[in-house]
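Asks: Encoded as structure tokens, here's the structure I'll be asking about.
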Amino acid sequence: MSTGTVPDVFDPRLYAAGLPHAAFRELRDRHPVSWQDEYEVLGWPAGPGFWAVTRHADVVSVLKGARTYSSWTGATQIRDPDPADLPFIRRMMLNQDPRPRGPAGTEPAAGGAGDSSPDHGRLRRLVSRAFTPGRVDRFTASARTRARELLGAARAAGPVVDLVTAVTDDYALLNLADLLGVPESDRRLLLTWTERVIGYQDPDEPPVLGADGSPVNPRSPAMLKEMFDYARELAAHKRCKPGDDVMTALAAGGLHDGELEMFFFLLTVAGNDTVRSAAPGGFLALAEHPDQQRLLRSGGVAPGTAVDELLRWHPPVLSFRRTATRDTVLAGREIRTGDKVVVFHASANYDDRVFDDPHRLDLTRAPNPHVSFGDGPHVCLGAHFARLQLRVLHEEARNLLPPFTAAGEPRRLVSNFINGLKSLPLDLAGGRGRRGA
């Protein structure tokens, strides 16, 4: 099934140079569902291979088709988990499938057909209820204060700053800690745990090796024990001393310890890294497109509309995996039961079948049906909060920062999963003296 004419989009090292647009374009045009070899790379063992889905319509079809393309069967990472770890990994909502609906929109009884992961809907509802309007308002105010403090300090330290270390890492981390109710003394733990899980393919984050010398999956029970122990301690503390935060709401929401641990993991990693990846990516796009930066600075586009285009341009998540539950056909290719099917958000966002002139950054683009937060039953639960944080950050940057330009090449994460920036040097004096800046 694999041929030398099909571009490789599996190698994590490709993404250290930016999105492989030429490869994605060829796949969309000639091989929209292509077989990819899953070879040994960066010390990680070879796998059986997978189907890469690169067109927008097919990506959406897979994401919405939970009965055919399962998150539960093999979880959501390209590489297969250790079979012994799979029951543990399936406790996370991200790796569950929604229960099919019964007559008149009711849910079938537990144990019925398709009841492989019956808790998905209940868990999403529990978390959704934790985000009350009052909590959202207070979170917005604290995020705005934090953006002002970090951006103001960056400007004072300039003219050249690394936006990642000066602003965006702390902005994402401290906002998340506020939302969860993590004490100030413990907040750096969230970053340590996030980097361990997200950066596992990057040479700057060397993997932990097992007794046999092979890397240990960062999502395995052994690697997550420290985080889970902390989650239980924090939940117990919140039950005794409740606060106005999400962990208090979850601890009182009827979750058992295993569910609460997995929620803490999901919110810590996904909640942190979505904004942590998207924020510097948006500033890089603006630095490289001064006309669009001027448009945003002048008030010629609503910040919310601009944020969606920046998310399309720099999706925080590159890919997600599903597993076929039955034989099917996708874009003319025969998919067999058990095959891995990997959707590439980073390709779908540049599909010219959906987006006019997709390689043109257009902050006024509307509608903008990007899939940076997924689609279907697993659409990102924190998408609203991510957009809110990004909007607030750009509003405050417009007020506090002078026009900026790139002061060097960014350093990118080596990963086929997260579209991360490890550093972004910006010249905060780069636009001074230029007409219209």
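Residues in the structure tokens are numbered from 1 in each chain, the chains being A, B, ... in the order shown, and ligands are numbered from 1 in the order shown.
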May I have the residues within 10 Å of Ala306 of chain A as a PyMOL selection string, using only C-alpha atoms and disregarding those fewer than 5 positions away in the same chain?

Replies: chain A and resi 282+292-293+295-296+301+311-312+361-366+390-391+394

Asks: Can you pull out every residue within 6 Å of segment 140-150 of chain A, counting only C-alpha atoms, but drop anything in the same chain fewer than 6 positions away, and send it as a PyMOL selection string?

Replies: chain A and resi 167+392-393

Asks: Keeping only N, CA and C atoms, take the residues you just selected and write them out as a PDB file, in the first residue's frame.

Replies:
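Saved as part.pdb:
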ATOM      1  N   VAL A 167       6.196  35.669  27.747  1.00  0.00           N
ATOM      2  CA  VAL A 167       4.750  35.921  27.813  1.00  0.00           C
ATOM      3  C   VAL A 167       3.921  34.645  27.729  1.00  0.00           C
ATOM      4  N   VAL A 392      -8.223  38.023  24.396  1.00  0.00           N
ATOM      5  CA  VAL A 392      -7.773  38.966  25.419  1.00  0.00           C
ATOM      6  C   VAL A 392      -6.296  39.300  25.220  1.00  0.00           C
ATOM      7  N   LEU A 393      -5.479  38.297  24.922  1.00  0.00           N
ATOM      8  CA  LEU A 393      -4.046  38.528  24.743  1.00  0.00           C
ATOM      9  C   LEU A 393      -3.785  39.463  23.566  1.00  0.00           C
TER      10      LEU A 393
END

Asks: When you count only C-alpha atoms, which of these residues is closest to Ser61 of chain A: A:Leu330, A:Ile418, A:Tyr350, A:Ala397?

Replies: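 Between A:Leu330, A:Ile418, A:Tyr350, A:Ala397, the residue approaching Ser61 of chain A most closely is A:Leu330.
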
Asks: Would you give me, as JSON lines, each residue of segment 390-433 of chain A having an atom within 7 Å of an atom of segment 199-209 of chain A, along with its shortest atom pair and that distance in Å to one decimal, using only C-alpha atoms and sorting by chain and residue number?

Replies:
{"residue": "A:Leu413", "atom": "CA", "partner": "A:Asp202", "partner_atom": "CA", "distance": 6.3}
{"residue": "A:Val414", "atom": "CA", "partner": "A:Asp202", "partner_atom": "CA", "distance": 4.6}
{"residue": "A:Ser415", "atom": "CA", "partner": "A:Gln201", "partner_atom": "CA", "distance": 5.7}

Asks: Keeping only C-alpha atoms, write those residues as a PDB file, in the first residue's frame.

Replies:
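Result went into out17.pdb, see below:
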ATOM      1  CA  LEU A 413       8.753  21.389  18.679  1.00  0.00           C
ATOM      2  CA  VAL A 414       9.727  18.084  17.107  1.00  0.00           C
ATOM      3  CA  SER A 415       6.295  16.455  17.073  1.00  0.00           C
TER       4      SER A 415
END

Asks: Tell me which of A:Ala154, A:Leu94, A:Ala346, A:Leu126 sits closest to Ala249 of chain A, counting only C-alpha atoms.

Replies: A:Leu126

Asks: Using only C-alpha atoms, what does the table of segment 217-325 of chain A residues within 12 Å of segment 15-26 of chain A look like, with each row giving the shortest atom pair and its distance in Å to one decimal, sorted by chain and ascending number, as a Markdown table?

Replies:
| residue | atom | partner | partner_atom | distance |
| --- | --- | --- | --- | --- |
| A:Gly281 | CA | A:Gly18 | CA | 10.6 |
| A:Leu284 | CA | A:Gly18 | CA | 11.7 |
| A:Trp313 | CA | A:Leu19 | CA | 9.9 |
| A:His314 | CA | A:Leu19 | CA | 8.8 |
| A:Pro315 | CA | A:Leu19 | CA | 9.9 |
| A:Pro316 | CA | A:Leu19 | CA | 11.5 |
| A:Val317 | CA | A:Leu19 | CA | 11.5 |
| A:Leu318 | CA | A:Leu19 | CA | 8.9 |
| A:Ser319 | CA | A:Tyr15 | CA | 11.7 |
